[in-house]
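A.B. asks: Contents of coords.cif (mmCIF, C-alpha atoms):
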```cif
data_coords
#
loop_
_atom_site.label_atom_id
_atom_site.label_comp_id
_atom_site.auth_asym_id
_atom_site.auth_seq_id
_atom_site.Cartn_x
_atom_site.Cartn_y
_atom_site.Cartn_z
CA GLN A 65 23.86 -60.91 -6.57
CA LEU A 66 20.72 -62.35 -5.09
CA PRO A 67 21.68 -63.64 -1.65
CA VAL A 68 19.38 -66.14 -0.01
CA ILE A 69 18.22 -64.95 3.39
CA PRO A 70 16.11 -67.78 4.77
CA LEU A 71 13.06 -67.19 6.86
CA GLY A 72 13.55 -67.88 10.54
CA LEU A 73 11.77 -70.33 12.78
CA GLU A 74 11.89 -71.52 16.36
CA CYS A 75 13.29 -75.05 16.40
CA GLU A 76 11.65 -75.66 19.79
CA ASP A 77 8.25 -75.37 18.09
CA PHE A 78 9.07 -78.56 16.18
CA ALA A 79 10.50 -80.64 19.02
CA PHE A 80 8.00 -83.23 20.21
CA THR A 81 8.16 -85.64 23.09
CA THR A 82 7.48 -89.33 22.54
CA GLU A 83 4.15 -88.86 24.29
CA GLU A 84 3.16 -85.93 22.04
CA ARG A 85 4.16 -87.93 18.97
CA ASP A 86 2.18 -90.97 20.11
CA GLN A 87 -0.88 -88.82 20.84
CA ALA A 88 -0.67 -87.10 17.46
CA ARG A 89 -0.35 -90.41 15.62
CA ALA A 90 -3.29 -91.89 17.55
CA SER A 91 -5.42 -88.81 16.80
CA ILE A 92 -4.98 -89.31 13.04
CA GLY A 93 -5.46 -93.08 13.19
CA ALA A 94 -1.84 -94.06 12.51
CA ARG A 95 -0.62 -97.25 14.13
CA PRO A 96 2.89 -97.33 15.65
CA ASP A 97 4.27 -99.15 12.58
CA THR A 98 2.54 -96.92 10.01
CA VAL A 99 4.86 -94.70 7.98
CA VAL A 100 3.28 -91.23 8.02
CA VAL A 101 4.30 -89.04 5.08
CA LEU A 102 3.49 -85.34 5.39
CA PHE A 103 2.87 -82.74 2.71
CA MET A 104 2.53 -79.29 4.26
CA GLY A 105 1.46 -76.25 2.24
CA ARG A 106 -1.06 -74.99 -0.27
CA LEU A 107 -3.10 -77.85 -1.66
CA SER A 108 -3.14 -76.55 -5.20
CA PHE A 109 -2.22 -78.46 -8.34
CA HIS A 110 -1.67 -75.24 -10.29
CA ALA A 111 0.00 -72.99 -7.70
CA LYS A 112 2.17 -75.37 -5.66
CA ALA A 113 2.45 -79.01 -6.64
CA HIS A 114 0.40 -81.43 -8.65
CA PRO A 115 0.02 -84.38 -6.27
CA ALA A 116 0.00 -87.20 -8.87
CA ALA A 117 3.76 -87.90 -8.65
CA MET A 118 3.62 -88.03 -4.85
CA TYR A 119 0.53 -90.26 -4.91
CA ARG A 120 2.18 -92.66 -7.35
CA ALA A 121 5.41 -92.74 -5.34
CA LEU A 122 3.58 -93.51 -2.10
CA ALA A 123 1.56 -96.29 -3.71
CA GLU A 124 4.76 -97.81 -5.11
CA ALA A 125 6.63 -97.44 -1.80
CA SER A 126 3.82 -99.17 0.06
CA ARG A 127 3.72 -102.04 -2.47
CA HIS A 128 7.50 -102.37 -2.62
CA THR A 129 8.08 -102.38 1.16
CA SER A 130 4.81 -104.01 2.29
CA LYS A 131 4.58 -101.27 4.92
CA ASP A 132 1.49 -99.39 5.90
CA VAL A 133 1.85 -95.86 4.56
CA MET A 134 -0.43 -92.94 5.35
CA LEU A 135 -0.36 -89.56 3.65
CA VAL A 136 -1.24 -86.45 5.63
CA GLU A 137 -1.91 -83.40 3.47
CA CYS A 138 -1.89 -80.41 5.79
CA GLY A 139 -2.86 -77.22 4.03
CA TRP A 140 -5.84 -75.61 2.39
CA HIS A 141 -7.65 -75.72 -0.92
CA ALA A 142 -8.58 -72.51 -2.69
CA ASN A 143 -12.02 -73.83 -3.56
CA ASP A 144 -14.28 -76.89 -3.58
CA TYR A 145 -13.28 -77.93 -7.10
CA ILE A 146 -9.62 -78.26 -6.09
CA ARG A 147 -10.57 -80.02 -2.84
CA ASP A 148 -12.64 -82.55 -4.76
CA ALA A 149 -9.90 -83.06 -7.37
CA PHE A 150 -7.34 -83.80 -4.64
CA ALA A 151 -9.70 -86.28 -2.97
CA GLU A 152 -10.45 -87.99 -6.29
CA GLY A 153 -6.77 -88.17 -7.22
CA ALA A 154 -5.78 -89.59 -3.85
CA GLY A 155 -8.50 -92.22 -4.12
CA GLU A 156 -7.59 -93.26 -7.66
CA ILE A 157 -3.80 -93.00 -7.56
CA ALA A 158 -2.36 -93.06 -4.04
CA GLY A 159 -3.67 -96.41 -2.87
CA VAL A 160 -2.79 -95.39 0.71
CA PRO A 161 -4.98 -93.79 3.36
CA THR A 162 -4.96 -90.03 2.95
CA LEU A 163 -5.98 -87.50 5.58
CA THR A 164 -6.40 -83.77 4.99
CA LEU A 165 -5.79 -81.43 7.91
CA ASP A 166 -6.49 -77.71 7.84
CA GLY A 167 -3.09 -76.04 7.66
CA ARG A 168 -4.60 -72.72 8.69
CA ASP A 169 -5.27 -74.19 12.14
CA ALA A 170 -2.16 -74.12 14.38
CA ALA A 171 -3.27 -77.17 16.39
CA GLN A 172 -3.77 -79.23 13.23
CA ARG A 173 -0.35 -78.14 11.90
CA GLN A 174 1.25 -79.22 15.19
CA THR A 175 -0.53 -82.58 14.98
CA ALA A 176 0.74 -83.08 11.44
CA TRP A 177 4.35 -82.26 12.33
CA ALA A 178 4.28 -84.41 15.47
CA ALA A 179 2.75 -87.43 13.70
CA ALA A 180 5.00 -87.45 10.61
CA ASP A 181 7.91 -89.75 9.82
CA ILE A 182 8.84 -88.24 6.45
CA PHE A 183 8.21 -84.87 4.81
CA CYS A 184 7.52 -84.81 1.07
CA SER A 185 7.02 -81.83 -1.22
CA LEU A 186 7.29 -82.47 -4.93
CA SER A 187 6.70 -78.90 -6.03
CA ASP A 188 6.55 -78.47 -9.79
CA ASN A 189 5.67 -74.81 -9.93
CA ILE A 190 7.97 -72.01 -11.04
CA GLN A 191 6.64 -69.67 -8.36
CA GLU A 192 8.12 -71.88 -5.60
CA THR A 193 11.28 -69.84 -5.14
CA PHE A 194 11.78 -70.63 -1.47
CA CYS A 195 9.69 -72.68 0.88
CA ILE A 196 10.02 -72.80 4.63
CA THR A 197 8.34 -76.19 5.05
CA PRO A 198 11.50 -78.23 4.33
CA ILE A 199 13.29 -76.15 6.98
CA GLU A 200 10.45 -76.83 9.41
CA ALA A 201 10.64 -80.54 8.56
CA MET A 202 14.36 -80.59 9.32
CA ALA A 203 13.67 -78.77 12.62
CA ALA A 204 11.18 -81.56 13.40
CA GLY A 205 13.92 -84.11 12.70
CA LEU A 206 12.21 -85.47 9.59
CA PRO A 207 13.97 -86.62 6.46
CA VAL A 208 12.76 -84.63 3.48
CA VAL A 209 11.95 -85.66 -0.07
CA VAL A 210 11.69 -82.65 -2.36
CA THR A 211 12.05 -81.81 -6.00
CA ASP A 212 15.38 -80.49 -7.22
CA TRP A 213 13.61 -77.24 -7.92
CA ASP A 214 14.14 -73.56 -7.24
CA GLY A 215 14.70 -72.82 -3.56
CA TYR A 216 14.48 -76.44 -2.45
CA ARG A 217 17.93 -77.10 -3.88
CA ASP A 218 19.23 -74.21 -1.78
CA THR A 219 17.92 -75.68 1.48
CA VAL A 220 18.08 -79.47 1.13
CA ARG A 221 21.43 -81.16 0.67
CA ASP A 222 20.79 -84.30 -1.37
CA GLY A 223 21.73 -87.39 0.62
CA VAL A 224 22.37 -85.36 3.78
CA ASP A 225 19.13 -83.67 4.91
CA GLY A 226 16.97 -85.70 2.57
CA PHE A 227 16.60 -86.44 -1.09
CA ARG A 228 16.13 -84.11 -4.04
CA ILE A 229 14.22 -85.71 -6.88
CA PRO A 230 15.23 -84.56 -10.38
CA THR A 231 12.50 -82.56 -12.05
CA ILE A 232 12.24 -81.61 -15.69
CA MET A 233 9.88 -79.41 -17.60
CA PRO A 234 8.65 -80.47 -21.03
CA ALA A 235 9.77 -78.43 -24.02
CA ALA A 236 7.36 -75.83 -25.35
CA GLY A 237 4.39 -77.49 -27.02
CA MET A 238 5.14 -80.92 -25.56
CA GLY A 239 3.12 -80.82 -22.32
CA GLY A 240 -0.35 -81.69 -23.61
CA ASP A 241 -0.08 -85.39 -22.84
CA LEU A 242 1.32 -84.64 -19.38
CA ALA A 243 -1.51 -82.24 -18.62
CA ALA A 244 -4.06 -84.85 -19.66
#
```
Is it possible to express this structure as structure tokens?
C.D. replies:
Amino acid sequence: QLPVIPLGLECEDFAFTTEERDQARASIGARPDTVVVLFMGRLSFHAKAHPAAMYRALAEASRHTSKDVMLVECGWHANDYIRDAFAEGAGEIAGVPTLTLDGRDAAQRQTAWAAADIFCSLSDNIQETFCITPIEAMAAGLPVVVTDWDGYRDTVRDGVDGFRIPTIMPAAGMGGDLAA
């Protein structure tokens, strides 16, 4: 047996007053009617989640609903190449304003959590066995949108705490076009 023993957190750390929320949203340039979507974690397309699916989904959601959507990516890039690739991808695909906050900075993490309306993590990496960020999002009272992947399916009840998006992996030898 491999029991799941989740990491702990202090729910009070994710409880924000209306004033704190308003201040956080103002500090990132989000209007009251802007839908702020938060990705929290490593900003790595090879070690966490390739952002293309999230960028496409946000662009489509904004077009479909006619709502202003803003993406906050709170985390860190391993190097300048990855940072530049994320910025280029967001600019070409997302079609919504994107802000990167340094997830290593506690104040910037708090701003991200306080400003967000929705948490999204479309991890597509086999090393994502358990992630605490969906738990933190639930503590912050945010609906979560995650992949139906590894540990996420153990922590997010589809249709209850949020939504789990089906994820498939291409068969061996069939991923070249996807990688391109």
A.B. asks: Which distance in Å separates CA of Asp214 (chain A) and CA of Asn189 (chain A), to one decimal?
C.D. replies: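 Separation of CA of Asp214 (chain A) and CA of Asn189 (chain A): 9.0 Å.
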A.B. asks: Here's the selection I'm unsure about, the PyMOL selection byres ((chain A and resi 102) around 10); applied to the file above, which residues does it give, as a PyMOL selection string?
C.D. replies: chain A and resi 99-101+103-105+134-138+162-163+176-177+179-185+201+206+208
A.B. asks: Please produce a file of the residues just selected, as an mmCIF file, in the coordinates of the input, where the atoms kept are C-alpha atoms.
C.D. replies:
```cif
data_model
loop_
_atom_site.group_PDB
_atom_site.id
_atom_site.type_symbol
_atom_site.label_atom_id
_atom_site.label_comp_id
_atom_site.auth_asym_id
_atom_site.auth_seq_id
_atom_site.Cartn_x
_atom_site.Cartn_y
_atom_site.Cartn_z
ATOM 1 C CA VAL A 99 4.860 -94.700 7.980
ATOM 2 C CA VAL A 100 3.280 -91.230 8.020
ATOM 3 C CA VAL A 101 4.300 -89.040 5.080
ATOM 4 C CA PHE A 103 2.870 -82.740 2.710
ATOM 5 C CA MET A 104 2.530 -79.290 4.260
ATOM 6 C CA GLY A 105 1.460 -76.250 2.240
ATOM 7 C CA MET A 134 -0.430 -92.940 5.350
ATOM 8 C CA LEU A 135 -0.360 -89.560 3.650
ATOM 9 C CA VAL A 136 -1.240 -86.450 5.630
ATOM 10 C CA GLU A 137 -1.910 -83.400 3.470
ATOM 11 C CA CYS A 138 -1.890 -80.410 5.790
ATOM 12 C CA THR A 162 -4.960 -90.030 2.950
ATOM 13 C CA LEU A 163 -5.980 -87.500 5.580
ATOM 14 C CA ALA A 176 0.740 -83.080 11.440
ATOM 15 C CA TRP A 177 4.350 -82.260 12.330
ATOM 16 C CA ALA A 179 2.750 -87.430 13.700
ATOM 17 C CA ALA A 180 5.000 -87.450 10.610
ATOM 18 C CA ASP A 181 7.910 -89.750 9.820
ATOM 19 C CA ILE A 182 8.840 -88.240 6.450
ATOM 20 C CA PHE A 183 8.210 -84.870 4.810
ATOM 21 C CA CYS A 184 7.520 -84.810 1.070
ATOM 22 C CA SER A 185 7.020 -81.830 -1.220
ATOM 23 C CA ALA A 201 10.640 -80.540 8.560
ATOM 24 C CA LEU A 206 12.210 -85.470 9.590
ATOM 25 C CA VAL A 208 12.760 -84.630 3.480
#
```
A.B. asks: From the set A:Glu156, A:Glu200, A:Glu124, A:Glu74, which residue has the shortest atom-to-atom contact distance to Ala178 (chain A), counting all atoms listed in the file?
C.D. replies: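 Distance minimum relative to Ala178 (chain A) lands on A:Glu200.
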A.B. asks: Taking into account only C-alpha atoms, which residue in the set A:Val133, A:Val160, A:Leu186, A:Ala79 is nearest to His114 (chain A)?
C.D. replies: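 Answer, going by the shortest atom-to-atom distance: A:Leu186.
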A.B. asks: I would like the residues chosen by the PyMOL selection byres ((chain A and resi 215) around 8) on the shown file; could you give them as a short mmCIF file (atom, residue, chain, number, x, y, z; two decimals) with C-alpha atoms, in the coordinates of the input?
C.D. replies:
```cif
data_model
loop_
_atom_site.label_atom_id
_atom_site.label_comp_id
_atom_site.auth_asym_id
_atom_site.auth_seq_id
_atom_site.Cartn_x
_atom_site.Cartn_y
_atom_site.Cartn_z
CA GLU A 192 8.12 -71.88 -5.60
CA THR A 193 11.28 -69.84 -5.14
CA PHE A 194 11.78 -70.63 -1.47
CA CYS A 195 9.69 -72.68 0.88
CA TRP A 213 13.61 -77.24 -7.92
CA ASP A 214 14.14 -73.56 -7.24
CA TYR A 216 14.48 -76.44 -2.45
CA ARG A 217 17.93 -77.10 -3.88
CA ASP A 218 19.23 -74.21 -1.78
CA THR A 219 17.92 -75.68 1.48
#
```
A.B. asks: On this structure, the PyMOL selection byres ((chain A and resi 117) around 12) would catch which residues? List them as a PyMOL selection string, sorted by chain and number.
C.D. replies: chain A and resi 109+113-116+118-124+153-154+157-158+184-188+210-211+229+231+242
A.B. asks: Give me the residues within 10 Å of Ile146 (chain A) as a list of chain:residue names, counting only C-alpha atoms and dropping any in the same chain fewer than 6 places off.
C.D. replies: A:Leu107, A:Ser108, A:Phe109, A:His110, A:Trp140, A:Glu152
A.B. asks: What is the distance, in Å and to one decimal place, between CA of Ala204 (chain A) and CA of Thr98 (chain A)?
C.D. replies: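 A separation of 17.9 Å between them.
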A.B. asks: Would you work out the distance separating CA of Ile92 (chain A) from CA of Arg168 (chain A), expressed in Å to one decimal?
C.D. replies: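 That distance, rounded to one decimal, is 17.2 Å.
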A.B. asks: Point out the residue among A:Gly240, A:Gln174, A:Met233, A:Gly155 with the least atom-to-atom distance to Glu84 (chain A), counting only C-alpha atoms.
C.D. replies: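 With only C-alpha atoms as the atom set, the closest residue is A:Gln174.
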A.B. asks: Could you list, as a list in words, every residue within 8 Å of Gly226 (chain A), counting only C-alpha atoms and ignoring same-chain residues fewer than 3 positions away?
C.D. replies: Pro207, Val208, Val209, Val210, Val220, Arg221, Asp222 and Gly223 of chain A
